[in-house]
Amino acid sequence: MVLMEQIKDPEIPVVSIVDLGIVRNIEFEDNEPVVTITSTYNGCPAMDMISMQIIALLQSLGFKQPKIKMSLHPAWTTDWINDDAKKRLQEYGIAPPDKRFTIPADGVECPRCHSMSTRLISAFGSTACKALYQCNDCKEPFDFFKCH
Ligand SMILES: [Zn+2]
């Protein structure tokens, strides 16, 4: 676990993937490590980068076939961010839990007519990284990229 603290969040360098609660478990199968991670958002592209970093780190230690296991249940929550990391996030200028981790209920600007009168339809849009909104004025649905 201590080892994994070397790996920082690709978008927030002040916190590690352990701080964020992304690394859930490390076990060994046939002397090769199997790291269980959970995604802050299913299908988030940052998770691919985190997985690659974990594999690269373990390979640099001499393991030949480290594996990543994705855990989808229970779903990740901001409660898994430890208190110390929350403090560091704040110092970094992000109100914890930061807006990366929550979805604004209303008031996302419509990309078509620029109306601020919009509402959240679904927390999951065309990809898991996006939330689906609908504009109250032009009635068009649109995605809000929530990963960044
Ligand atoms: Zn609109």
# chains A, B, ... in the order shown; residues from 1 in each chain; ligands from 1

call {"tool": "residues_near_ligand", "arguments": {"ligand": "ligand 1", "cutoff": "6 Å", "atoms": "only C-alpha atoms and all ligand atoms", "output": "PDB file with N, CA and C atoms, in the first residue's frame"}}
result
ATOM      1  N   CYS A 110     -25.814  25.643 -21.633  1.00  0.00           N
ATOM      2  CA  CYS A 110     -26.176  24.870 -22.822  1.00  0.00           C
ATOM      3  C   CYS A 110     -25.186  25.187 -23.946  1.00  0.00           C
ATOM      4  N   ARG A 112     -25.475  24.763 -27.003  1.00  0.00           N
ATOM      5  CA  ARG A 112     -26.115  25.176 -28.256  1.00  0.00           C
ATOM      6  C   ARG A 112     -26.621  26.619 -28.195  1.00  0.00           C
ATOM      7  N   CYS A 113     -27.429  26.933 -27.180  1.00  0.00           N
ATOM      8  CA  CYS A 113     -28.017  28.282 -27.146  1.00  0.00           C
ATOM      9  C   CYS A 113     -27.464  29.114 -25.990  1.00  0.00           C
ATOM     10  N   HIS A 114     -26.550  28.554 -25.213  1.00  0.00           N
ATOM     11  CA  HIS A 114     -25.905  29.245 -24.093  1.00  0.00           C
ATOM     12  C   HIS A 114     -26.854  29.657 -22.976  1.00  0.00           C
ATOM     13  N   SER A 115     -27.996  29.014 -22.928  1.00  0.00           N
ATOM     14  CA  SER A 115     -28.912  29.257 -21.817  1.00  0.00           C
ATOM     15  C   SER A 115     -28.338  28.620 -20.557  1.00  0.00           C
ATOM     16  N   CYS A 135     -31.507  21.186 -21.977  1.00  0.00           N
ATOM     17  CA  CYS A 135     -31.723  22.623 -21.937  1.00  0.00           C
ATOM     18  C   CYS A 135     -33.220  22.907 -21.837  1.00  0.00           C
ATOM     19  N   ASP A 137     -34.572  25.743 -22.515  1.00  0.00           N
ATOM     20  CA  ASP A 137     -34.959  26.703 -23.545  1.00  0.00           C
ATOM     21  C   ASP A 137     -35.031  26.082 -24.939  1.00  0.00           C
ATOM     22  N   CYS A 138     -33.911  25.494 -25.394  1.00  0.00           N
ATOM     23  CA  CYS A 138     -33.942  24.908 -26.746  1.00  0.00           C
ATOM     24  C   CYS A 138     -34.317  23.429 -26.708  1.00  0.00           C
ATOM     25  N   GLU A 140     -32.757  20.862 -26.143  1.00  0.00           N
ATOM     26  CA  GLU A 140     -31.774  19.902 -26.622  1.00  0.00           C
ATOM     27  C   GLU A 140     -31.066  19.227 -25.449  1.00  0.00           C
TER      28      GLU A 140
END

call {"tool": "residues_around", "arguments": {"residues": "Ile22 in chain A", "least_positions_apart": "3", "cutoff": "8 Å", "atoms": "only C-alpha atoms", "output": "ChimeraX atom specification"}}
result
/A:17-19,37-40,76

call {"tool": "atom_distance", "arguments": {"atom1": "CA of Glu109 in chain A", "atom2": "CA of Thr78 in chain A"}}
result
25.1 Å

call {"tool": "select_by_dssp", "arguments": {"residues": "range 10-142 of chain A", "states": "helix (DSSP H, G or I)", "output": "PyMOL selection string"}}
result
chain A and resi 45-60+78-80+83-91+99-101

call {"tool": "write_last_selection", "arguments": {"atoms": "C-alpha atoms", "output": "tab-separated table (two decimals), in the first residue's frame"}}
result
chain	number	residue	atom	x	y	z
A	45	PRO	CA	-9.81	7.84	-19.06
A	46	ALA	CA	-7.66	8.80	-16.05
A	47	MET	CA	-8.13	5.24	-14.78
A	48	ASP	CA	-6.27	3.82	-17.79
A	49	MET	CA	-3.33	6.05	-16.98
A	50	ILE	CA	-3.43	5.04	-13.31
A	51	SER	CA	-3.54	1.34	-14.27
A	52	MET	CA	-0.54	1.77	-16.55
A	53	GLN	CA	1.39	3.56	-13.81
A	54	ILE	CA	0.68	0.78	-11.31
A	55	ILE	CA	1.82	-1.88	-13.79
A	56	ALA	CA	4.96	0.11	-14.67
A	57	LEU	CA	5.82	0.61	-11.00
A	58	LEU	CA	5.42	-3.09	-10.21
A	59	GLN	CA	7.41	-4.11	-13.28
A	60	SER	CA	10.20	-1.76	-12.22
A	78	THR	CA	-15.72	11.06	-1.82
A	79	ASP	CA	-15.84	9.61	1.73
A	80	TRP	CA	-12.90	7.41	0.74
A	83	ASP	CA	-8.74	13.69	5.82
A	84	ASP	CA	-5.11	14.55	5.26
A	85	ALA	CA	-5.63	14.44	1.50
A	86	LYS	CA	-8.71	16.65	1.82
A	87	LYS	CA	-6.52	19.21	3.61
A	88	ARG	CA	-3.92	19.03	0.82
A	89	LEU	CA	-6.64	19.43	-1.79
A	90	GLN	CA	-7.79	22.57	-0.03
A	91	GLU	CA	-4.25	23.96	0.07
A	99	LYS	CA	-16.23	19.72	-8.24
A	100	ARG	CA	-14.55	16.96	-10.18
A	101	PHE	CA	-16.36	14.56	-7.93

call {"tool": "residues_around", "arguments": {"residues": "range 132-134 of chain A", "least_positions_apart": "6", "cutoff": "6 Å", "atoms": "only C-alpha atoms", "output": "ChimeraX atom specification"}}
result
/A:118-122,125,140-143

call {"tool": "atom_distance", "arguments": {"atom1": "CA of Arg24 in chain A", "atom2": "CA of Lys67 in chain A"}}
result
13.5 Å

call {"tool": "closest_residue", "arguments": {"among": "A:Glu27, A:Ile68, A:Asn82, A:Pro74", "to": "Val15 in chain A", "atoms": "only C-alpha atoms"}}
result
A:Asn82

call {"tool": "residues_around", "arguments": {"residues": "Asn31 in chain A", "least_positions_apart": "4", "cutoff": "12 Å", "atoms": "only C-alpha atoms", "output": "number ranges by chain"}}
result
A: 26-27, 62-67

call {"tool": "select_by_dssp", "arguments": {"residues": "chain A", "states": "strand (DSSP E or B)", "output": "PyMOL selection string"}}
result
chain A and resi 8+16+23-29+32-38+67-71+106+118-122+130-135+141-145

call {"tool": "atom_distance", "arguments": {"atom1": "CA of Phe124 in chain A", "atom2": "CA of Asn25 in chain A"}}
result
26.7 Å
